[in-house]
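I have placed the structure first, in the form of structure tokens, so that the comments after it can refer back to it.
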Amino acid sequence: MQSKMPSLKALLLALFIIAVVVDQSFVEANFPKSMYINWGAHHSSFAGNGEDLQLVLDQTSGSAVKSKRSFLFGSIEMLIKLVPGNSAGTVTAYYVSATVTSTGDKHDEIDFEFLGNVSGQPYIVHTNIYTQGNGSREQQFYLWFDPTANFHNYTIHWNPTEVVWYIDNLPIRVFRNYEKDGIAFPNKQGMRVHASLWNADNWATRGGLVKIDWNSSPFIARFRRFRARACKWDGPVSINQCATKSPANWWTSPSFSQLSSSQMGQLNWVRQNFMIYDYCKDTKRFNGQIPPECFKQQF
């Protein structure tokens, strides 16, 4: 009777393939190895054997880092502990942005921005997505926890089908790919990962009515455990390579093409209880011309 047990050779080959897959789609969390300070070098510091990052804002400068590599599709996650106390006028940002076309009518970007507030008032999570230069797609939420007391996980999951924003593994927003209907989707440019802390008191808190209290500075945001399980961008050849359905491109699996029923329940809970702004419902802003994706299946 022929054995159905896999041969040792086949087993070793399978393990090798798994190792290659993991290596190709995973970027080490060590901040100095994976990111560099691109603004406010004297206001940034790495700690904890490179696992921790601290960004500082005072009256002289803010600070920012960005990844050394660019990515197209995958999962980008970070643990963040936001500025405590009176953070009005400050913005802590965590986002991915197109490497080459950083501005202009070809720009792609996927954002988390955390709008500071006066002591005792909740932070606002401001999300947005730019596709081909259009960034008028804001959705905002209050948080259901104190984001300054502990670190929380913020993840951008991005594949050829959809972009999903997660907080502590709960989906809060989805932007689906309707490119076939003439709606741009970020799928043709590599994007670097950015984190920054900066002065935005001209708009961040109550539309700019509340300014930064510099007596409360320095303001400090802390970051930990950066993980990029994503396709590394190697130029235009990556457009097809990163989108091809294969075991290596785990983000193309059908299980990631749409939220599960349990995830839909989580998403609805967040949006029904904590959502405070949705561009799709702002008819006044668009003079009645609501963006076309708002009429499509959102989730």
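Ordered as shown in the structure tokens, chains take letters A, B, and onward, while each chain numbers its residues from 1 and ligands are numbered from 1 in the order shown.
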
Where does segment 105-215 of chain A meet segment 49-68 of chain A within 10 Å, residue by residue, with the nearest atom pair and distance in Å to one decimal for each, counting only C-alpha atoms, listed by chain and rising number, as a Markdown table?
```
| residue | atom | partner | partner_atom | distance |
| --- | --- | --- | --- | --- |
| A:Met191 | CA | A:Ser67 | CA | 9.2 |
| A:Arg192 | CA | A:Ser67 | CA | 5.5 |
| A:Val193 | CA | A:Ser67 | CA | 5.1 |
| A:His194 | CA | A:Lys66 | CA | 4.3 |
| A:Ala195 | CA | A:Val65 | CA | 5.4 |
| A:Ser196 | CA | A:Ala64 | CA | 4.0 |
| A:Leu197 | CA | A:Ser63 | CA | 5.6 |
| A:Trp198 | CA | A:Gly62 | CA | 4.8 |
| A:Asn199 | CA | A:Gly62 | CA | 7.0 |
| A:Ile212 | CA | A:Gln59 | CA | 9.5 |
| A:Asp213 | CA | A:Gln59 | CA | 9.8 |
| A:Trp214 | CA | A:Gln59 | CA | 6.6 |
| A:Asn215 | CA | A:Asp58 | CA | 9.5 |
```

*Write out as a count of residues only all residues of segment 30-82 of chain A that DSSP puts in strand (DSSP E or B) for this structure's backbone.*
34

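Residue nearest Trp269 of chain A within the list A:Phe141, A:Ser136, A:Thr155, A:Thr92: A:Phe141 [criterion: smallest interatomic distance, only C-alpha atoms].
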
_DSSP on the backbone: which residues in segment 228-289 of chain A end up as helix (DSSP H, G or I)? Give the answer as JSON, numbers by chain._
{"A": [238, 239, 240, 241, 250, 251, 252, 254, 255, 256, 261, 262, 263, 264, 265, 266, 267, 268, 269, 270, 271, 272, 273, 274, 279, 280, 281]}

_List the spatial neighbours of Glu138 of chain A as JSON, numbers by chain - criterion: any atom at most 7 Å away, only C-alpha atoms, same-chain residues fewer than 5 positions off excluded._
{"A": [126, 127, 128, 278, 279]}

*Work out how far apart atom CA of Asn159 of chain A and atom CA of Phe73 of chain A are and give it in Å to one decimal.*
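Computed distance, atom CA of Asn159 of chain A to atom CA of Phe73 of chain A, equals 4.8 Å.
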
*Neighbours of Asp234 of chain A within 9 Å (only C-alpha atoms; same-chain residues fewer than 2 positions away dropped), as a list in words?*
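So the residues in contact are Ser70, Phe71, Gly190, Lys232, Pro236, Val237 and Ser238 of chain A.
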
For the residues selected in the previous step, produce a file with N, CA, C and O atoms as a PDB file, in the first residue's frame.
```pdb
ATOM      1  N   SER A  70       9.275  51.468  -0.221  1.00  0.00           N
ATOM      2  CA  SER A  70       7.906  51.730  -0.652  1.00  0.00           C
ATOM      3  C   SER A  70       7.184  50.395  -0.826  1.00  0.00           C
ATOM      4  O   SER A  70       7.823  49.352  -1.042  1.00  0.00           O
ATOM      5  N   PHE A  71       5.851  50.437  -0.755  1.00  0.00           N
ATOM      6  CA  PHE A  71       5.055  49.218  -0.824  1.00  0.00           C
ATOM      7  C   PHE A  71       3.856  49.423  -1.747  1.00  0.00           C
ATOM      8  O   PHE A  71       3.392  50.544  -1.959  1.00  0.00           O
ATOM      9  N   GLY A 190       3.911  52.860  -5.769  1.00  0.00           N
ATOM     10  CA  GLY A 190       4.419  52.457  -4.469  1.00  0.00           C
ATOM     11  C   GLY A 190       4.240  53.585  -3.468  1.00  0.00           C
ATOM     12  O   GLY A 190       4.290  54.762  -3.829  1.00  0.00           O
ATOM     13  N   LYS A 232       6.891  44.691  -1.577  1.00  0.00           N
ATOM     14  CA  LYS A 232       7.908  45.730  -1.753  1.00  0.00           C
ATOM     15  C   LYS A 232       7.888  46.262  -3.180  1.00  0.00           C
ATOM     16  O   LYS A 232       7.896  45.502  -4.141  1.00  0.00           O
ATOM     17  N   PRO A 236       7.586  50.078 -11.782  1.00  0.00           N
ATOM     18  CA  PRO A 236       6.344  49.723 -12.487  1.00  0.00           C
ATOM     19  C   PRO A 236       6.099  48.225 -12.627  1.00  0.00           C
ATOM     20  O   PRO A 236       4.950  47.789 -12.723  1.00  0.00           O
ATOM     21  N   VAL A 237       7.172  47.419 -12.624  1.00  0.00           N
ATOM     22  CA  VAL A 237       6.995  45.969 -12.727  1.00  0.00           C
ATOM     23  C   VAL A 237       6.169  45.429 -11.564  1.00  0.00           C
ATOM     24  O   VAL A 237       5.505  44.400 -11.673  1.00  0.00           O
ATOM     25  N   SER A 238       6.177  46.159 -10.438  1.00  0.00           N
ATOM     26  CA  SER A 238       5.460  45.706  -9.248  1.00  0.00           C
ATOM     27  C   SER A 238       3.942  45.843  -9.378  1.00  0.00           C
ATOM     28  O   SER A 238       3.204  45.236  -8.597  1.00  0.00           O
TER      29      SER A 238
END
```

Could you pull the residues within 10 Å of segment 283-293 of chain A, counting only C-alpha atoms, minus those fewer than 2 positions along the same chain, as an mmCIF file with N, CA and C atoms, in the first residue's frame?
```
data_model
loop_
_atom_site.group_PDB
_atom_site.id
_atom_site.type_symbol
_atom_site.label_atom_id
_atom_site.label_comp_id
_atom_site.auth_asym_id
_atom_site.auth_seq_id
_atom_site.Cartn_x
_atom_site.Cartn_y
_atom_site.Cartn_z
ATOM 1 N N SER A 136 -10.812 64.566 -1.298
ATOM 2 C CA SER A 136 -12.009 65.069 -0.596
ATOM 3 C C SER A 136 -12.899 63.922 -0.134
ATOM 4 N N ARG A 137 -12.303 62.987 0.632
ATOM 5 C CA ARG A 137 -13.031 61.783 1.051
ATOM 6 C C ARG A 137 -12.867 61.554 2.554
ATOM 7 N N PHE A 175 -12.811 51.471 1.663
ATOM 8 C CA PHE A 175 -12.899 52.128 0.359
ATOM 9 C C PHE A 175 -12.653 51.060 -0.699
ATOM 10 N N ARG A 176 -13.679 50.732 -1.481
ATOM 11 C CA ARG A 176 -13.599 49.642 -2.433
ATOM 12 C C ARG A 176 -13.132 50.117 -3.813
ATOM 13 N N ASN A 177 -12.618 49.169 -4.581
ATOM 14 C CA ASN A 177 -12.093 49.465 -5.911
ATOM 15 C C ASN A 177 -13.225 49.443 -6.932
ATOM 16 N N TYR A 178 -13.562 50.642 -7.443
ATOM 17 C CA TYR A 178 -14.536 50.768 -8.529
ATOM 18 C C TYR A 178 -13.883 51.426 -9.747
ATOM 19 N N GLU A 179 -12.648 51.048 -9.982
ATOM 20 C CA GLU A 179 -11.907 51.629 -11.104
ATOM 21 C C GLU A 179 -12.598 51.346 -12.438
ATOM 22 N N ASP A 181 -15.545 51.535 -13.038
ATOM 23 C CA ASP A 181 -16.613 52.517 -13.209
ATOM 24 C C ASP A 181 -16.075 53.942 -13.289
ATOM 25 N N GLY A 182 -14.764 54.067 -13.495
ATOM 26 C CA GLY A 182 -14.158 55.382 -13.657
ATOM 27 C C GLY A 182 -13.778 56.072 -12.362
ATOM 28 N N ILE A 183 -13.778 55.331 -11.232
ATOM 29 C CA ILE A 183 -13.408 55.890 -9.924
ATOM 30 C C ILE A 183 -11.986 55.437 -9.608
ATOM 31 N N ALA A 184 -11.083 56.377 -9.449
ATOM 32 C CA ALA A 184 -9.664 56.044 -9.264
ATOM 33 C C ALA A 184 -9.445 55.250 -7.982
ATOM 34 N N TYR A 279 -18.133 62.257 4.367
ATOM 35 C CA TYR A 279 -18.216 63.109 3.172
ATOM 36 C C TYR A 279 -19.362 62.701 2.257
ATOM 37 N N CYS A 280 -19.736 61.426 2.295
ATOM 38 C CA CYS A 280 -20.810 60.950 1.426
ATOM 39 C C CYS A 280 -22.175 61.529 1.808
ATOM 40 N N LYS A 281 -22.270 62.079 3.006
ATOM 41 C CA LYS A 281 -23.537 62.639 3.464
ATOM 42 C C LYS A 281 -23.528 64.168 3.486
ATOM 43 N N PHE A 295 -22.501 56.128 -4.059
ATOM 44 C CA PHE A 295 -23.696 55.427 -4.504
ATOM 45 C C PHE A 295 -23.447 53.939 -4.746
ATOM 46 N N LYS A 296 -22.193 53.515 -4.545
ATOM 47 C CA LYS A 296 -21.835 52.115 -4.719
ATOM 48 C C LYS A 296 -21.918 51.389 -3.389
ATOM 49 N N GLN A 297 -21.832 50.055 -3.470
ATOM 50 C CA GLN A 297 -21.717 49.260 -2.243
ATOM 51 C C GLN A 297 -20.442 49.665 -1.524
ATOM 52 N N GLN A 298 -20.573 50.127 -0.294
ATOM 53 C CA GLN A 298 -19.418 50.664 0.425
ATOM 54 C C GLN A 298 -18.547 49.579 1.051
#
```

Would you tabulate, counting only C-alpha atoms, all residues of segment 114-207 of chain A that have an atom at most 10 Å from an atom of segment 241-246 of chain A, showing the closest pair of atoms and their distance in Å to one decimal, sorted by chain then ascending number, as a tab-separated table?
```
residue	atom	partner	partner_atom	distance
A:Asn159	CA	A:Ala243	CA	7.7
A:Pro160	CA	A:Ala243	CA	6.2
A:Thr161	CA	A:Ala243	CA	9.6
A:Asn187	CA	A:Ala243	CA	8.4
A:Lys188	CA	A:Ala243	CA	9.8
```

Output file for the selection above: N, CA and C atoms, as an mmCIF file, in the first residue's frame:
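Dumped to result_23.cif:
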```
data_model
loop_
_atom_site.group_PDB
_atom_site.id
_atom_site.type_symbol
_atom_site.label_atom_id
_atom_site.label_comp_id
_atom_site.auth_asym_id
_atom_site.auth_seq_id
_atom_site.Cartn_x
_atom_site.Cartn_y
_atom_site.Cartn_z
ATOM 1 N N ASN A 159 -5.379 46.230 -0.551
ATOM 2 C CA ASN A 159 -5.181 45.214 -1.580
ATOM 3 C C ASN A 159 -5.867 45.656 -2.872
ATOM 4 N N PRO A 160 -5.809 44.862 -3.945
ATOM 5 C CA PRO A 160 -6.401 45.318 -5.206
ATOM 6 C C PRO A 160 -7.917 45.499 -5.165
ATOM 7 N N THR A 161 -8.562 44.976 -4.131
ATOM 8 C CA THR A 161 -10.019 45.040 -4.041
ATOM 9 C C THR A 161 -10.511 46.187 -3.172
ATOM 10 N N ASN A 187 -3.592 51.884 -6.969
ATOM 11 C CA ASN A 187 -3.049 50.565 -7.296
ATOM 12 C C ASN A 187 -1.907 50.592 -8.318
ATOM 13 N N LYS A 188 -1.344 51.767 -8.554
ATOM 14 C CA LYS A 188 -0.298 51.850 -9.578
ATOM 15 C C LYS A 188 0.943 52.591 -9.100
#
```

*Hey, which of A:Ala204, A:Ala98, A:Val210, A:Leu267 ends up closest to Val118 of chain A? Count only C-alpha atoms.*
A:Val210

*Counting only C-alpha atoms, figure out which residue out of A:Thr205, A:Thr90, A:Asn268, A:Ser217 gets nearest to Gln121 of chain A.*
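Counting only C-alpha atoms, the residue closest to Gln121 of chain A is A:Thr205.
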
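Using only C-alpha atoms for every distance, the candidate list A:Asn150, A:Ser255, A:Ser97, A:Gln263 yields A:Asn150 as the residue closest to Pro84 of chain A.
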
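We find atom CA of Ser44 of chain A and atom CA of Ala200 of chain A to be spaced 18.4 Å apart.
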
*asked:* Could you tell me how far atom CA of Gln140 of chain A sits from atom CA of Asp201 of chain A, in Å to one decimal place?
replied: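 Distance reported for this atom pair: 17.5 Å.
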
*Using only C-alpha atoms, which residue out of A:Ala228, A:Phe46, A:Gly74, A:Ile124 lies closest to Ser253 of chain A?*
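Between A:Ala228, A:Phe46, A:Gly74, A:Ile124, the residue approaching Ser253 of chain A most closely is A:Gly74.
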
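Minimum distance to Arg229 of chain A across A:Asp111, A:Glu77, A:Asp282, A:Asp168 (counting only C-alpha atoms) occurs at A:Glu77.
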